[in-house]
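Engineer: Please read through the structure below; I'll follow up with questions.
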Amino acid sequence: MKDSAAHNLLGMTLKTGWTVIEKITKTANSTGSVFSVCYKVKKDNEVCFLKAFNFTPFFQLSEQSNPGRSIIDVMSDMITAYKYERDLSEHCKNKHVTKVAFVIDAGEETLNNFSINIVPYLIFELADGDVRSKIAFSNKLDFAWKLHSLHDIAVGLQQLHKVNVSHQDLKPSNILVFHRESRLGDLGRSMCKDMDSPYNKQQYTGDWTYAPPEMMYGYYDIDWNKRVFATDCYLLGSMIVFYFAGISMSALLLKHLPDNLRWEKWRGAFDEIKPYLIEVFSKSIIEFRENIDDYYFKDEISKMIELLCYPFPEKRGHPKNVALKYGSNFDLERFITRLDLLTKKAELKIKR
Amino acid sequence: MAVILEKKDRRLIPNWRSFATTTILGEIDTVSINPIVQPNLSITNYIEDFHENATIPFAADLISASMVNGFNKNEEVKKAANFILDSKGIVTQTQLSLAERIISGVKDNTENKIGNKTIKEFNNSLPENDYKLKIQHLKKHVIEFPYNSIAWVELSRYYSILGQEKQSERAMKIAIQLAPDNRFVLRCAVRLFSHYDKIDIAHDILRKNKITSYDPWLTSAEIAIATLQGRNSRFIKRGIELVESENLSPFSITELASSIATVELFAGDRKKSKKMFAKSLIAPNDNSLAQMEWVLNKDKTLFDRTQININIQWNFEAQALYNFYNKQLIDALNNTYQWFCDMPFSKRPVMLGSLIANVLGSNSLSIKFLERGLISHPNDAQMLNNIAYYLALENKTTEANKYFDKVDFRVGINKLTVMCLKATYGLICFRENRYEEGRIYYLDSIKDAELEKDKHHACIAILNYAREEIKAKSDYIESAMQLVSKISQNEDENITIQNLYSEVMDLYDKYKQNAL
């Protein structure tokens with residue numbers, strides 16, 4: 001690993017004027033990708049986060065999963081991924097998206113003495129850490145902070161949806177905390193309807209650990225909007241579960257699912273498993289509720305999860321949106337309002 | 001006289017257990033054996049993150065990833081789970097229980113323990129209250145999650161255990177509306193409606209459902225129900241195709257093959273029947289095994305018992321029948337109790353359990369079995385008769401009369417039960433020293449049995465009658481013994497008749513020796 005160019009940027013001043021001041025090992029600041037090496041960089045007293053694209057593991061993995069594939073093809077894929085993340089960030093920035101950690105600079109560096117000597121990189125604002133480094137499950141004072149953070153995430157998702165982008169990879173390691181504000185990180189796996197994405201042909205591009213049940217059981221809607229926004233709804237619900245119960249929604253579901261009905265053993269259609277998923281889902285909601293003491297918050301938050309994480313994508317979302325003639329099931333506006341209200345109530349409760 | 005096990009033909013009506021148990025048994029697994037394409041999964045990132053940041057959120061993220069991706073046996077995951085378990089007080093309940101699950105490796109299922117139960121535990125439980133609590137809990141659940149068809153089925157099951165037929169049917173109908181194509185729901189519905197003798201409804205549920213043609217578990221149930229009605233099933237041909245298909249797992253076709261084998265056996269085609277039974281026994285379940293046990297009791301030469309794998313889960317009925325037919329009564333009693341715990345709404349384990357207890361000389365245990373049975377079948381004339389009979393044998397005629405009076409003669413009671421009720425009333429009369437009246441009822445019962453050509457029950461009635469005449473030291477002992485003398489000892493190998501016969505002959509000998 002250390003033989004790759006991406007691992008050897010420390011101390012360099014890049015063509016873009018940034019000086020690489022510290023290598024970040026696998027810490028809370030990382031975006032969770034094995035295909036990147038992370039550094040702190042400095043320019044004009046501003047310290048930022050650099051994500052260097054690392055070709056070596058990409059080759060290794062590609063060799064394992066698809067032996068015989070040419071190096072050119074692999075490089076082309078990686079360059080496409082790099083360009084896509086950079087351009088998508090620009091696209092979002094231009095469309096007034098605010099709750100996303102944007103690329104503030106990008107470039108490529110060439111290092112000698114490496115078989116693949118080019119290192120493309122992206123520079124982001126430096127976050128305090130991802131949400132896992134900030135969250136505490138026992139501290140009741142954190143309750144208002146958690147709701148505030150979830151509100152930020154919902155706003156971020158909604159902003160992305162408005163510009164036809166679906167994040168697809170919402171998970172704790174991709175929630176970056178900047179002081180009191182939370183933003184969505186790692187647009188690398190996002191899908192954009194208006195851009196030619198390397199992932200547009202895939203049904204689900206995010207982390208399997210957080211995948212919604214329909215994806216696990218191989219079911220997906222042909223309609224792009226329905227498919228990707230339903231996934232984001234589920235992922236938002238899953239984040240709420242993580243904030244209060246401390247595990248992902250999919251883990252909670254699978255905890256209650258009998259072993260022989262698990263996704264890796266099930267050979268039947270998604271329709272056949274639906275009654276069992278409802279049973280498991282209801283048990284999961286009941287268990288989730290036990291993690292919140294306050295009756296008001298318990299009901300409100302679990303209701304949100306019921307709507308956001310419903311195991312069938314077509315029934316996901318707010319019922320009032322479903323009833324509307326126009327618009328989408330998966331519009332998050334009502335959830336944003338709800339989270340805002342709950343944040344305020346939780347803050348008032350602390351002040352009292 | 002007690003109604004003993006009716007010699008009805010056994011059919012493969014689906015067994016009805018809780019959802020948790022049914023899933024463990026594999027009866028709702030997919031039937032196909034086609035391989036599944038698995039995605040390349042890895043939790044390396046999560047493990048590295050936890051190494052670098054040994055805190056609760058990172059540990060929780062790792063155990064979440066392992067739960068979803070099936071890496072629970074990974075040592076690093078276990079470390080994270082232990083880390084969470086060691087941090088009680090600063091972790092959530094859900095994190096704790098997931099960590100415990102990962103460390104223990106099993107899901108908590110109390111019903112797993114049925115196989116360890118013995119008859120000694122019979123007095124320790126108050127199941128009626130447990131079931132009422134479960135109903136209370138499930139009623140709340142379905143209010144909150146009205147679309148949960150599985151919860152409606154569970155509710156229906158508990159209602160049926162408590163003998164609340166209307167509520168049970170209503171809950172099941174809702175479940176069918178919610179999941180009209182679901183195997184678990186449909187099989188439970190079939191069992192419920194056949195339990196309440198509404199065979200037409202049970203049959204319609206399957207006959208009109210398109211999925212019955214594709215799902216061997218349902219095809220099997222349809223064939224069983226159709227033959228129970230005396231009809232020819234139109235799914236037999238399709239059933240044979242499914243059994244002979246190479247795309248289905250042997251376990252998924254076990255009941256179907258057994259159902260078809262039973263039909264072939266009744267039709268007289270022994271060769272085909274044998275072939276189908278052989279298929280059903282490749283990977284049997286408790287139901288197909290119990291069917292085999294029942295068939296072997298009728299025709300011992302049909303199949304070599306040594307070739308049958310009886311070590312399968314929840315095999316209580318087959319084991320009970322096997323031990324009972326082989327006169328290993330203590331084992332049979334324990335198995336029957338396990339069978340009853342497994343399916344508390346079913347009448348057959350109650351009747352068999354009370355019979356075995358009686359043969360073993362414990363009428364009080366027989367009564368306890370029947371009283372438990374009355375919870376699910378509150379007005380069952382056969383159970384009421386049997387309780388009255390066992391109480392009368394203990395000279396508790398006042399209590400016996402109470403149960404006897406509960407029999408509702410306005411509802412249709414079958415001839416066999418009427419015959420037994422007459423004999424039981426005869427016994428009560430004898431024990432209340434109303435000999436003349438008792439004699440009339442006994443003789444009437446014997447006459448009924450003979451008219452019905454039911455030698456078996458005629459023998460039992462005669463022996464019961466003779467015992468009472470001897471105990472009463474009446475003038476009719478010799479005429480009663482003349483009836484007894486007509487009973488050939490080889491006529492029936494039935495254990496009840498053998499026991500009664502010995503008892504009567506002992507009493508008669510003592511009477512002759514003036515030792516009574």
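Following the order of the structure tokens, chains are lettered A, B, ..., residues in each are numbered from 1, and ligands are numbered from 1.
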Could you list, as JSON, numbers by chain, every residue within 9 Å of segment 329-338 of chain A, counting only C-alpha atoms and ignoring same-chain residues fewer than 3 positions away?

Structural biologist: {"A": [150, 151, 152, 154, 155, 157, 158, 161, 226, 229, 230, 232, 233, 300, 304, 308, 314, 315, 316, 317, 318, 319, 320, 321, 322, 323, 324, 341, 342, 343]}

Engineer: Select residues of chain A: the criterion is any atom within 6 Å of an atom of chain B, counting only C-alpha atoms; output as an MDAnalysis selection string.

Structural biologist: chainID A and resid 132 137:138 209 245 247:248 251 267:268 278:279

Engineer: Can you measure atom CA of Phe49 of chain A to atom CA of Asn8 of chain A for me? One decimal in Å is fine.

Structural biologist: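 So the two atoms, atom CA of Phe49 of chain A and atom CA of Asn8 of chain A, lie 15.6 Å apart.
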
Engineer: Using only C-alpha atoms, can you tell me which of B:Asn309, B:Asn232, B:Leu500, B:Cys459 comes closest to Ser485 of chain B?

Structural biologist: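 Checking each of B:Asn309, B:Asn232, B:Leu500, B:Cys459 against Ser485 of chain B, counting only C-alpha atoms, the winner is B:Cys459.
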
Engineer: Got a sec to tell me which of segment 89-259 of chain A DSSP assigns to strand (DSSP E or B), as a ChimeraX atom specification?

Structural biologist: /A:100,103-110,118-125,129-130,165-166,175-178,181-184,191-192

Engineer: May I ask which of the residues B:Tyr389, B:Phe369, B:Tyr403, B:Tyr476 is the closest one to Cys429 of chain B, counting only C-alpha atoms?

Structural biologist: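 Of the candidates, the smallest distance to Cys429 of chain B is held by B:Tyr389.
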
Engineer: May I have the residues within 8 Å of segment 199-201 of chain A as a short mmCIF file (atom, residue, chain, number, x, y, z; two decimals) with all heavy atoms, in the first residue's frame, using only C-alpha atoms and disregarding those fewer than 6 positions away in the same chain?

Structural biologist:
data_model
loop_
_atom_site.label_atom_id
_atom_site.label_comp_id
_atom_site.auth_asym_id
_atom_site.auth_seq_id
_atom_site.Cartn_x
_atom_site.Cartn_y
_atom_site.Cartn_z
N ARG A 189 -20.54 8.37 -4.33
CA ARG A 189 -21.43 7.26 -4.71
C ARG A 189 -22.83 7.76 -5.08
O ARG A 189 -23.76 6.96 -5.24
CB ARG A 189 -21.54 6.27 -3.56
CG ARG A 189 -20.22 5.61 -3.22
CD ARG A 189 -20.27 4.14 -3.51
NE ARG A 189 -18.99 3.65 -3.96
CZ ARG A 189 -18.85 2.52 -4.65
NH1 ARG A 189 -19.91 1.82 -4.97
NH2 ARG A 189 -17.68 2.11 -5.04
N SER A 190 -22.96 9.09 -5.15
CA SER A 190 -24.29 9.65 -5.44
C SER A 190 -24.69 9.42 -6.89
O SER A 190 -23.85 9.19 -7.76
CB SER A 190 -24.28 11.15 -5.18
OG SER A 190 -23.94 11.38 -3.84
N MET A 191 -25.97 9.52 -7.13
CA MET A 191 -26.47 9.42 -8.50
C MET A 191 -27.06 10.76 -8.89
O MET A 191 -27.75 11.38 -8.08
CB MET A 191 -27.57 8.36 -8.58
CG MET A 191 -27.08 6.95 -8.44
SD MET A 191 -28.49 5.86 -8.66
CE MET A 191 -27.72 4.29 -8.44
N CYS A 192 -26.80 11.17 -10.11
CA CYS A 192 -27.37 12.43 -10.58
C CYS A 192 -28.06 12.19 -11.91
O CYS A 192 -27.46 11.65 -12.84
CB CYS A 192 -26.28 13.48 -10.72
SG CYS A 192 -26.91 15.04 -11.33
N LYS A 193 -29.30 12.63 -11.96
CA LYS A 193 -30.07 12.40 -13.18
C LYS A 193 -29.56 13.26 -14.34
O LYS A 193 -29.65 12.88 -15.50
CB LYS A 193 -31.54 12.73 -12.90
CG LYS A 193 -32.52 11.97 -13.75
CD LYS A 193 -33.93 12.30 -13.36
CE LYS A 193 -34.90 11.51 -14.20
NZ LYS A 193 -36.27 11.86 -13.89
#

Engineer: Could you please determine the separation between atom CA of Gln164 of chain B and atom CA of Asp204 of chain B in Å, to one decimal place?

Structural biologist: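 About the pair atom CA of Gln164 of chain B and atom CA of Asp204 of chain B: they are 22.6 Å apart.
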
Engineer: Taking only C-alpha atoms into account, which of A:Glu287, A:Ser36, A:Arg183, A:Trp224 comes nearest Val97 of chain A?

Structural biologist: A:Arg183

Engineer: For atom CA of Val20 of chain A and atom CA of Leu50 of chain A, quote the distance in Å rounded to one decimal.

Structural biologist: 8.3 Å

Engineer: Check segment 92-219 of chain A with DSSP on the backbone and list each residue it calls alpha helix (DSSP H), as number ranges by chain.

Structural biologist: A: 92-94, 131-134, 142-162, 213-216

Engineer: Compile the contact shell of Tyr442 of chain B as a PyMOL selection string: residues with an atom at most 12 Å away, counting only C-alpha atoms, same-chain residues fewer than 2 positions apart removed.

Structural biologist: chain B and resi 1+418-430+435-440+444-449+457-469+480

Engineer: Quick one: residues within 12 Å of Lys298 of chain A, only C-alpha atoms, excluding same-chain residues fewer than 6 positions away - as a list of chain:residue names?

Structural biologist: A:Phe143, A:Ile240, A:Val241, A:Phe244, A:Ala245, A:Ile285, A:Ile286, A:Glu287, A:Phe288, A:Arg289, A:Glu290, A:Asn291, A:Ile292, A:Met304, A:Ile305, A:Leu342
